[in-house]
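Participant: I am sharing protein-v5.txt, which consists of compact mmCIF, N, CA, C and O atoms:
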```
# COMPACT_ATOMS: atom_id res chain seq x y z
N MET A 1 21.24 17.59 21.90
CA MET A 1 20.19 18.27 21.17
C MET A 1 20.69 18.58 19.77
O MET A 1 21.82 18.99 19.58
N SER A 2 19.84 18.43 18.79
CA SER A 2 20.18 18.67 17.39
C SER A 2 20.40 20.15 17.13
O SER A 2 19.73 21.00 17.69
N GLN A 3 21.33 20.44 16.24
CA GLN A 3 21.55 21.83 15.83
C GLN A 3 20.62 22.23 14.68
O GLN A 3 20.63 23.36 14.25
N TYR A 4 19.82 21.29 14.21
CA TYR A 4 18.91 21.54 13.10
C TYR A 4 17.47 21.64 13.59
O TYR A 4 17.08 20.96 14.53
N GLU A 5 16.70 22.46 12.94
CA GLU A 5 15.28 22.54 13.24
C GLU A 5 14.57 21.43 12.47
O GLU A 5 14.75 21.29 11.27
N ILE A 6 13.80 20.62 13.16
CA ILE A 6 13.09 19.51 12.53
C ILE A 6 11.66 19.93 12.26
O ILE A 6 10.98 20.45 13.13
N LYS A 7 11.23 19.71 11.01
CA LYS A 7 9.86 20.03 10.62
C LYS A 7 9.25 18.80 9.96
O LYS A 7 9.94 18.06 9.26
N ILE A 8 7.98 18.60 10.16
CA ILE A 8 7.24 17.54 9.49
C ILE A 8 6.35 18.22 8.45
O ILE A 8 5.60 19.13 8.77
N LYS A 9 6.48 17.76 7.20
CA LYS A 9 5.72 18.36 6.11
C LYS A 9 4.96 17.27 5.37
O LYS A 9 5.44 16.15 5.22
N ASN A 10 3.78 17.62 4.87
CA ASN A 10 3.05 16.75 3.95
C ASN A 10 3.49 17.13 2.55
O ASN A 10 3.49 18.30 2.19
N VAL A 11 3.87 16.14 1.77
CA VAL A 11 4.30 16.37 0.40
C VAL A 11 3.53 15.42 -0.52
O VAL A 11 3.06 14.37 -0.08
N PRO A 12 3.41 15.78 -1.80
CA PRO A 12 2.71 14.88 -2.72
C PRO A 12 3.45 13.53 -2.83
O PRO A 12 4.66 13.45 -2.62
N ALA A 13 2.69 12.50 -3.17
CA ALA A 13 3.29 11.17 -3.36
C ALA A 13 4.37 11.25 -4.43
O ALA A 13 4.27 12.02 -5.39
N LEU A 14 5.39 10.44 -4.27
CA LEU A 14 6.52 10.43 -5.19
C LEU A 14 6.81 8.99 -5.57
O LEU A 14 7.03 8.14 -4.70
N ARG A 15 6.78 8.69 -6.87
CA ARG A 15 7.12 7.34 -7.34
C ARG A 15 8.64 7.26 -7.46
O ARG A 15 9.28 8.18 -7.96
N VAL A 16 9.21 6.17 -6.99
CA VAL A 16 10.66 6.03 -7.01
C VAL A 16 11.06 4.65 -7.51
O VAL A 16 10.29 3.69 -7.43
N ALA A 17 12.27 4.58 -8.03
CA ALA A 17 12.95 3.31 -8.26
C ALA A 17 13.91 3.16 -7.09
O ALA A 17 14.57 4.13 -6.70
N SER A 18 13.98 1.97 -6.48
CA SER A 18 14.81 1.83 -5.30
C SER A 18 15.62 0.54 -5.33
O SER A 18 15.31 -0.39 -6.08
N LEU A 19 16.64 0.52 -4.49
CA LEU A 19 17.56 -0.61 -4.42
C LEU A 19 18.03 -0.76 -2.98
O LEU A 19 18.41 0.23 -2.34
N TRP A 20 18.01 -1.99 -2.46
CA TRP A 20 18.53 -2.26 -1.12
C TRP A 20 20.05 -2.27 -1.16
O TRP A 20 20.66 -2.70 -2.14
N GLY A 21 20.66 -1.80 -0.09
CA GLY A 21 22.10 -1.87 0.08
C GLY A 21 22.40 -2.36 1.49
O GLY A 21 21.53 -2.37 2.35
N LYS A 22 23.65 -2.72 1.71
CA LYS A 22 24.02 -3.23 3.03
C LYS A 22 25.49 -2.93 3.28
O LYS A 22 26.32 -3.04 2.38
N GLY A 23 25.79 -2.55 4.51
CA GLY A 23 27.17 -2.41 4.94
C GLY A 23 27.64 -0.98 5.11
O GLY A 23 27.01 -0.03 4.68
N LEU A 24 28.75 -0.88 5.79
CA LEU A 24 29.43 0.40 6.06
C LEU A 24 30.80 0.35 5.40
O LEU A 24 31.29 -0.72 5.09
N PRO A 25 31.44 1.45 5.19
CA PRO A 25 31.03 2.80 5.52
C PRO A 25 30.06 3.36 4.49
O PRO A 25 30.17 3.07 3.30
N PHE A 26 29.10 4.16 4.96
CA PHE A 26 28.10 4.73 4.05
C PHE A 26 28.75 5.55 2.93
O PHE A 26 28.22 5.61 1.83
N ALA A 27 29.90 6.15 3.21
CA ALA A 27 30.58 6.97 2.20
C ALA A 27 31.00 6.12 0.99
O ALA A 27 31.24 6.66 -0.09
N VAL A 28 31.07 4.82 1.17
CA VAL A 28 31.41 3.90 0.08
C VAL A 28 30.17 3.16 -0.42
O VAL A 28 29.89 3.12 -1.62
N THR A 29 29.41 2.57 0.50
CA THR A 29 28.31 1.70 0.09
C THR A 29 27.14 2.45 -0.54
O THR A 29 26.53 1.94 -1.48
N VAL A 30 26.81 3.63 -0.03
CA VAL A 30 25.68 4.38 -0.60
C VAL A 30 25.99 4.84 -2.03
O VAL A 30 25.19 4.61 -2.93
N PRO A 31 27.16 5.47 -2.30
CA PRO A 31 27.45 5.83 -3.70
C PRO A 31 27.48 4.62 -4.64
O PRO A 31 27.01 4.70 -5.78
N GLU A 32 28.00 3.48 -4.16
CA GLU A 32 27.99 2.27 -5.00
C GLU A 32 26.56 1.84 -5.32
O GLU A 32 26.26 1.45 -6.45
N ALA A 33 25.68 1.91 -4.33
CA ALA A 33 24.28 1.53 -4.55
C ALA A 33 23.62 2.49 -5.54
O ALA A 33 22.87 2.07 -6.42
N TYR A 34 23.89 3.80 -5.42
CA TYR A 34 23.34 4.76 -6.38
C TYR A 34 23.85 4.48 -7.79
O TYR A 34 23.10 4.57 -8.76
N GLU A 35 25.13 4.13 -7.93
CA GLU A 35 25.68 3.80 -9.25
C GLU A 35 24.97 2.59 -9.84
O GLU A 35 24.64 2.56 -11.03
N GLU A 36 24.73 1.57 -9.02
CA GLU A 36 24.03 0.37 -9.49
C GLU A 36 22.60 0.71 -9.91
O GLU A 36 22.11 0.25 -10.94
N LEU A 37 21.91 1.53 -9.10
CA LEU A 37 20.54 1.92 -9.43
C LEU A 37 20.51 2.74 -10.71
O LEU A 37 19.68 2.50 -11.59
N ALA A 38 21.44 3.68 -10.87
CA ALA A 38 21.49 4.51 -12.09
C ALA A 38 21.77 3.65 -13.32
O ALA A 38 21.17 3.86 -14.38
N ALA A 39 22.64 2.65 -13.19
CA ALA A 39 22.93 1.75 -14.31
C ALA A 39 21.69 0.95 -14.68
O ALA A 39 21.39 0.76 -15.88
N TRP A 40 20.95 0.47 -13.69
CA TRP A 40 19.72 -0.28 -13.95
C TRP A 40 18.70 0.61 -14.66
O TRP A 40 18.06 0.19 -15.62
N MET A 41 18.56 1.86 -14.17
CA MET A 41 17.61 2.79 -14.79
C MET A 41 18.00 3.07 -16.24
O MET A 41 17.15 3.10 -17.12
N ALA A 42 19.29 3.25 -16.51
CA ALA A 42 19.75 3.50 -17.88
C ALA A 42 19.44 2.30 -18.77
O ALA A 42 18.98 2.47 -19.91
N LYS A 43 19.66 1.10 -18.25
CA LYS A 43 19.38 -0.12 -19.02
C LYS A 43 17.89 -0.22 -19.38
O LYS A 43 17.53 -0.72 -20.43
N LYS A 44 17.03 0.26 -18.48
CA LYS A 44 15.58 0.24 -18.70
C LYS A 44 15.08 1.50 -19.41
O LYS A 44 13.87 1.68 -19.57
N SER A 45 16.00 2.39 -19.80
CA SER A 45 15.67 3.67 -20.45
C SER A 45 14.77 4.56 -19.57
O SER A 45 13.90 5.25 -20.07
N ILE A 46 15.01 4.51 -18.28
CA ILE A 46 14.30 5.37 -17.33
C ILE A 46 15.19 6.59 -17.09
O ILE A 46 16.33 6.43 -16.64
N PRO A 47 14.71 7.79 -17.40
CA PRO A 47 15.56 8.98 -17.23
C PRO A 47 15.94 9.21 -15.77
O PRO A 47 15.13 8.99 -14.86
N LEU A 48 17.17 9.66 -15.57
CA LEU A 48 17.61 10.04 -14.23
C LEU A 48 16.96 11.36 -13.85
O LEU A 48 16.69 12.19 -14.72
N PRO A 49 16.69 11.58 -12.57
CA PRO A 49 16.05 12.82 -12.15
C PRO A 49 16.95 14.02 -12.38
O PRO A 49 18.17 13.91 -12.30
N SER A 50 16.32 15.16 -12.66
CA SER A 50 17.10 16.38 -12.85
C SER A 50 16.74 17.45 -11.83
O SER A 50 17.41 18.44 -11.70
N GLY A 51 15.63 17.24 -11.12
CA GLY A 51 15.20 18.23 -10.13
C GLY A 51 15.48 17.74 -8.72
O GLY A 51 16.27 16.83 -8.50
N SER A 52 14.81 18.34 -7.79
CA SER A 52 14.97 17.97 -6.40
C SER A 52 13.75 17.18 -5.94
O SER A 52 12.64 17.56 -6.28
N PRO A 53 13.87 16.08 -5.25
CA PRO A 53 15.13 15.48 -4.83
C PRO A 53 15.75 14.64 -5.94
O PRO A 53 15.04 14.03 -6.72
N MET A 54 17.06 14.63 -6.00
CA MET A 54 17.77 13.79 -6.97
C MET A 54 17.78 12.35 -6.49
O MET A 54 17.80 11.43 -7.28
N GLY A 55 17.79 12.18 -5.19
CA GLY A 55 17.80 10.83 -4.63
C GLY A 55 17.49 10.86 -3.15
O GLY A 55 17.53 11.92 -2.52
N LEU A 56 17.16 9.70 -2.65
CA LEU A 56 16.81 9.55 -1.24
C LEU A 56 17.57 8.35 -0.69
O LEU A 56 17.77 7.37 -1.39
N ALA A 57 17.99 8.45 0.55
CA ALA A 57 18.61 7.31 1.22
C ALA A 57 17.85 7.07 2.51
O ALA A 57 17.62 8.00 3.29
N LEU A 58 17.42 5.84 2.70
CA LEU A 58 16.66 5.46 3.89
C LEU A 58 17.49 4.45 4.68
O LEU A 58 17.93 3.44 4.12
N TYR A 59 17.72 4.73 5.94
CA TYR A 59 18.54 3.87 6.77
C TYR A 59 17.64 3.07 7.70
O TYR A 59 16.82 3.64 8.40
N TYR A 60 17.81 1.76 7.73
CA TYR A 60 16.93 0.87 8.47
C TYR A 60 17.53 0.37 9.77
O TYR A 60 16.83 -0.25 10.57
N ASP A 61 18.81 0.58 9.98
CA ASP A 61 19.46 0.08 11.19
C ASP A 61 20.32 1.17 11.82
O ASP A 61 20.82 2.06 11.14
N ASP A 62 20.51 1.05 13.11
CA ASP A 62 21.39 1.94 13.86
C ASP A 62 22.80 1.35 13.79
O ASP A 62 23.03 0.24 14.30
N PRO A 63 23.75 2.04 13.15
CA PRO A 63 25.11 1.50 13.04
C PRO A 63 25.76 1.18 14.39
O PRO A 63 26.66 0.36 14.45
N ALA A 64 25.28 1.80 15.46
CA ALA A 64 25.84 1.52 16.79
C ALA A 64 25.28 0.22 17.37
O ALA A 64 25.82 -0.29 18.35
N SER A 65 24.21 -0.32 16.77
CA SER A 65 23.55 -1.51 17.32
C SER A 65 23.66 -2.75 16.45
O SER A 65 23.23 -3.82 16.86
N VAL A 66 24.19 -2.60 15.24
CA VAL A 66 24.23 -3.70 14.27
C VAL A 66 25.67 -3.84 13.77
O VAL A 66 26.35 -2.83 13.58
N PRO A 67 26.14 -5.05 13.52
CA PRO A 67 27.49 -5.21 12.94
C PRO A 67 27.59 -4.43 11.63
O PRO A 67 26.62 -4.36 10.87
N PRO A 68 28.75 -3.82 11.35
CA PRO A 68 28.89 -2.96 10.17
C PRO A 68 28.43 -3.60 8.85
O PRO A 68 27.81 -2.95 8.03
N GLU A 69 28.70 -4.89 8.69
CA GLU A 69 28.33 -5.56 7.44
C GLU A 69 26.83 -5.84 7.33
O GLU A 69 26.33 -6.19 6.27
N GLU A 70 26.10 -5.66 8.42
CA GLU A 70 24.66 -5.95 8.44
C GLU A 70 23.78 -4.70 8.39
O GLU A 70 22.55 -4.82 8.35
N VAL A 71 24.35 -3.52 8.41
CA VAL A 71 23.57 -2.28 8.39
C VAL A 71 22.86 -2.18 7.04
O VAL A 71 23.49 -2.21 5.98
N ARG A 72 21.52 -2.08 7.09
CA ARG A 72 20.71 -2.05 5.85
C ARG A 72 20.28 -0.63 5.52
O ARG A 72 19.98 0.16 6.40
N PHE A 73 20.25 -0.35 4.22
CA PHE A 73 19.75 0.93 3.74
C PHE A 73 19.10 0.72 2.38
O PHE A 73 19.26 -0.33 1.75
N LYS A 74 18.38 1.71 1.94
CA LYS A 74 17.77 1.68 0.62
C LYS A 74 18.05 3.02 -0.03
O LYS A 74 17.94 4.06 0.61
N VAL A 75 18.45 3.00 -1.30
CA VAL A 75 18.59 4.22 -2.08
C VAL A 75 17.44 4.27 -3.08
O VAL A 75 16.95 3.23 -3.53
N ALA A 76 17.00 5.47 -3.40
CA ALA A 76 15.88 5.64 -4.32
C ALA A 76 16.05 6.89 -5.14
O ALA A 76 16.67 7.85 -4.69
N MET A 77 15.54 6.86 -6.36
CA MET A 77 15.52 8.03 -7.23
C MET A 77 14.11 8.21 -7.78
O MET A 77 13.47 7.23 -8.16
N PRO A 78 13.63 9.44 -7.83
CA PRO A 78 12.30 9.70 -8.37
C PRO A 78 12.23 9.30 -9.85
O PRO A 78 13.19 9.46 -10.59
N VAL A 79 11.08 8.78 -10.24
CA VAL A 79 10.80 8.44 -11.65
C VAL A 79 9.43 9.01 -11.99
O VAL A 79 8.63 9.34 -11.11
N ALA A 80 9.15 9.11 -13.27
CA ALA A 80 7.86 9.62 -13.72
C ALA A 80 6.74 8.72 -13.20
O ALA A 80 6.91 7.50 -13.09
N ALA A 81 5.61 9.31 -12.91
CA ALA A 81 4.45 8.58 -12.37
C ALA A 81 4.03 7.43 -13.27
O ALA A 81 3.56 6.40 -12.81
N GLU A 82 4.21 7.58 -14.57
CA GLU A 82 3.76 6.55 -15.52
C GLU A 82 4.81 5.45 -15.75
O GLU A 82 4.60 4.55 -16.57
N THR A 83 5.94 5.48 -15.04
CA THR A 83 6.97 4.46 -15.19
C THR A 83 6.41 3.12 -14.74
O THR A 83 5.89 2.99 -13.63
N PRO A 84 6.50 2.07 -15.60
CA PRO A 84 5.97 0.76 -15.21
C PRO A 84 6.80 0.13 -14.11
O PRO A 84 7.97 0.44 -13.96
N GLU A 85 6.17 -0.78 -13.37
CA GLU A 85 6.90 -1.49 -12.31
C GLU A 85 7.79 -2.54 -12.88
O GLU A 85 7.58 -3.07 -13.91
```
Is it possible to give me this structure as structure tokens?
Facilitator:
Amino acid sequence: MSQYEIKIKNVPALRVASLWGKGLPFAVTVPEAYEELAAWMAKKSIPLPSGSPMGLALYYDDPASVPPEEVRFKVAMPVAAETPE
């Protein structure tokens, strides 16, 4: 049983810039993916977020069920609603 209380909340839509990543350990691959995303945003002159959330990580595979090099995730950072695609 989880030690955390789980709540489901409705929140306003959030526009994000995102990047796929792959592999373990997350302590290495996720920060590397965030660095790559931040560099891309800087190149496009898209400001980095300053409020909450600063970033999001979405995990698509169970590390116990997939080979470590195949575990997929996506990192995302909020951007202004008017940011072009």
Participant: As an NGL selection string, please: every residue in chain A that a backbone DSSP assignment puts in strand (DSSP E or B).
Facilitator: :A and (16-22 or 56-59 or 72-78)
Participant: Any idea what the distance is between atom CA of A:Val71 and atom CA of A:Leu24?
Facilitator: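 About the pair atom CA of A:Val71 and atom CA of A:Leu24: they are 6.9 Å apart.
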Participant: Record the distance separating atom C of A:Tyr34 and atom CA of A:Ser50, expressed in Å with one decimal.
Facilitator: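 That distance, rounded to one decimal, is 14.6 Å.
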Participant: Just how far from atom CA of A:Val79 is atom N of A:Leu14, in Å to one decimal?
Facilitator: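 So the two atoms, atom N of A:Leu14 and atom CA of A:Val79, lie 9.4 Å apart.
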Participant: Name the residues in contact with A:Tyr59 at a cut-off of 12 Å, using only C-alpha atoms, excluding same-chain residues fewer than 5 positions from it; report them as a list in words.
Facilitator: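 Skipping anything fewer than 5 positions along the chain leaves Trp20, Gly21, Lys22, Gly23, Leu24, Phe26, Val30, Glu70, Val71, Arg72, Phe73, Lys74, Val75 and Ala76 of chain A.
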Participant: When you get a chance, write out all heavy atoms for stretch 36-47 of chain A, as a short mmCIF file (atom, residue, chain, number, x, y, z; two decimals), in the frame of the given file.
Facilitator:
```cif
data_model
loop_
_atom_site.label_atom_id
_atom_site.label_comp_id
_atom_site.auth_asym_id
_atom_site.auth_seq_id
_atom_site.Cartn_x
_atom_site.Cartn_y
_atom_site.Cartn_z
N GLU A 36 24.73 1.57 -9.02
CA GLU A 36 24.03 0.37 -9.49
C GLU A 36 22.60 0.71 -9.91
O GLU A 36 22.11 0.25 -10.94
CB GLU A 36 24.04 -0.70 -8.40
CG GLU A 36 23.44 -2.00 -8.85
CD GLU A 36 23.51 -3.09 -7.80
OE1 GLU A 36 24.25 -2.95 -6.80
OE2 GLU A 36 22.81 -4.11 -7.98
N LEU A 37 21.91 1.53 -9.10
CA LEU A 37 20.54 1.92 -9.43
C LEU A 37 20.51 2.74 -10.71
O LEU A 37 19.68 2.50 -11.59
CB LEU A 37 19.93 2.71 -8.27
CG LEU A 37 18.50 3.21 -8.47
CD1 LEU A 37 17.54 2.07 -8.77
CD2 LEU A 37 18.04 3.99 -7.23
N ALA A 38 21.44 3.68 -10.87
CA ALA A 38 21.49 4.51 -12.09
C ALA A 38 21.77 3.65 -13.32
O ALA A 38 21.17 3.86 -14.38
CB ALA A 38 22.55 5.60 -11.94
N ALA A 39 22.64 2.65 -13.19
CA ALA A 39 22.93 1.75 -14.31
C ALA A 39 21.69 0.95 -14.68
O ALA A 39 21.39 0.76 -15.88
CB ALA A 39 24.09 0.82 -13.96
N TRP A 40 20.95 0.47 -13.69
CA TRP A 40 19.72 -0.28 -13.95
C TRP A 40 18.70 0.61 -14.66
O TRP A 40 18.06 0.19 -15.62
CB TRP A 40 19.16 -0.83 -12.64
CG TRP A 40 17.87 -1.56 -12.81
CD1 TRP A 40 17.72 -2.88 -13.13
CD2 TRP A 40 16.55 -1.03 -12.70
NE1 TRP A 40 16.38 -3.20 -13.22
CE2 TRP A 40 15.65 -2.07 -12.96
CE3 TRP A 40 16.05 0.23 -12.40
CZ2 TRP A 40 14.27 -1.89 -12.93
CZ3 TRP A 40 14.67 0.42 -12.37
CH2 TRP A 40 13.81 -0.64 -12.63
N MET A 41 18.56 1.86 -14.17
CA MET A 41 17.61 2.79 -14.79
C MET A 41 18.00 3.07 -16.24
O MET A 41 17.15 3.10 -17.12
CB MET A 41 17.53 4.08 -13.98
CG MET A 41 16.83 3.89 -12.63
SD MET A 41 16.91 5.33 -11.53
CE MET A 41 15.88 6.50 -12.43
N ALA A 42 19.29 3.25 -16.51
CA ALA A 42 19.75 3.50 -17.88
C ALA A 42 19.44 2.30 -18.77
O ALA A 42 18.98 2.47 -19.91
CB ALA A 42 21.25 3.79 -17.88
N LYS A 43 19.66 1.10 -18.25
CA LYS A 43 19.38 -0.12 -19.02
C LYS A 43 17.89 -0.22 -19.38
O LYS A 43 17.53 -0.72 -20.43
CB LYS A 43 19.80 -1.33 -18.17
CG LYS A 43 19.82 -2.63 -18.87
CD LYS A 43 20.36 -3.68 -17.89
CE LYS A 43 20.64 -4.97 -18.57
NZ LYS A 43 21.14 -5.98 -17.65
N LYS A 44 17.03 0.26 -18.48
CA LYS A 44 15.58 0.24 -18.70
C LYS A 44 15.08 1.50 -19.41
O LYS A 44 13.87 1.68 -19.57
CB LYS A 44 14.85 0.11 -17.36
CG LYS A 44 15.17 -1.14 -16.59
CD LYS A 44 14.48 -2.32 -17.19
CE LYS A 44 14.68 -3.55 -16.33
NZ LYS A 44 14.00 -4.70 -16.86
N SER A 45 16.00 2.39 -19.80
CA SER A 45 15.67 3.67 -20.45
C SER A 45 14.77 4.56 -19.57
O SER A 45 13.90 5.25 -20.07
CB SER A 45 15.02 3.45 -21.82
OG SER A 45 15.89 2.74 -22.66
N ILE A 46 15.01 4.51 -18.28
CA ILE A 46 14.30 5.37 -17.33
C ILE A 46 15.19 6.59 -17.09
O ILE A 46 16.33 6.43 -16.64
CB ILE A 46 14.01 4.64 -16.01
CG1 ILE A 46 13.15 3.40 -16.27
CG2 ILE A 46 13.35 5.58 -15.01
CD1 ILE A 46 13.00 2.49 -15.07
N PRO A 47 14.71 7.79 -17.40
CA PRO A 47 15.56 8.98 -17.23
C PRO A 47 15.94 9.21 -15.77
O PRO A 47 15.13 8.99 -14.86
CB PRO A 47 14.70 10.14 -17.73
CG PRO A 47 13.50 9.53 -18.36
CD PRO A 47 13.39 8.11 -17.93
#
```
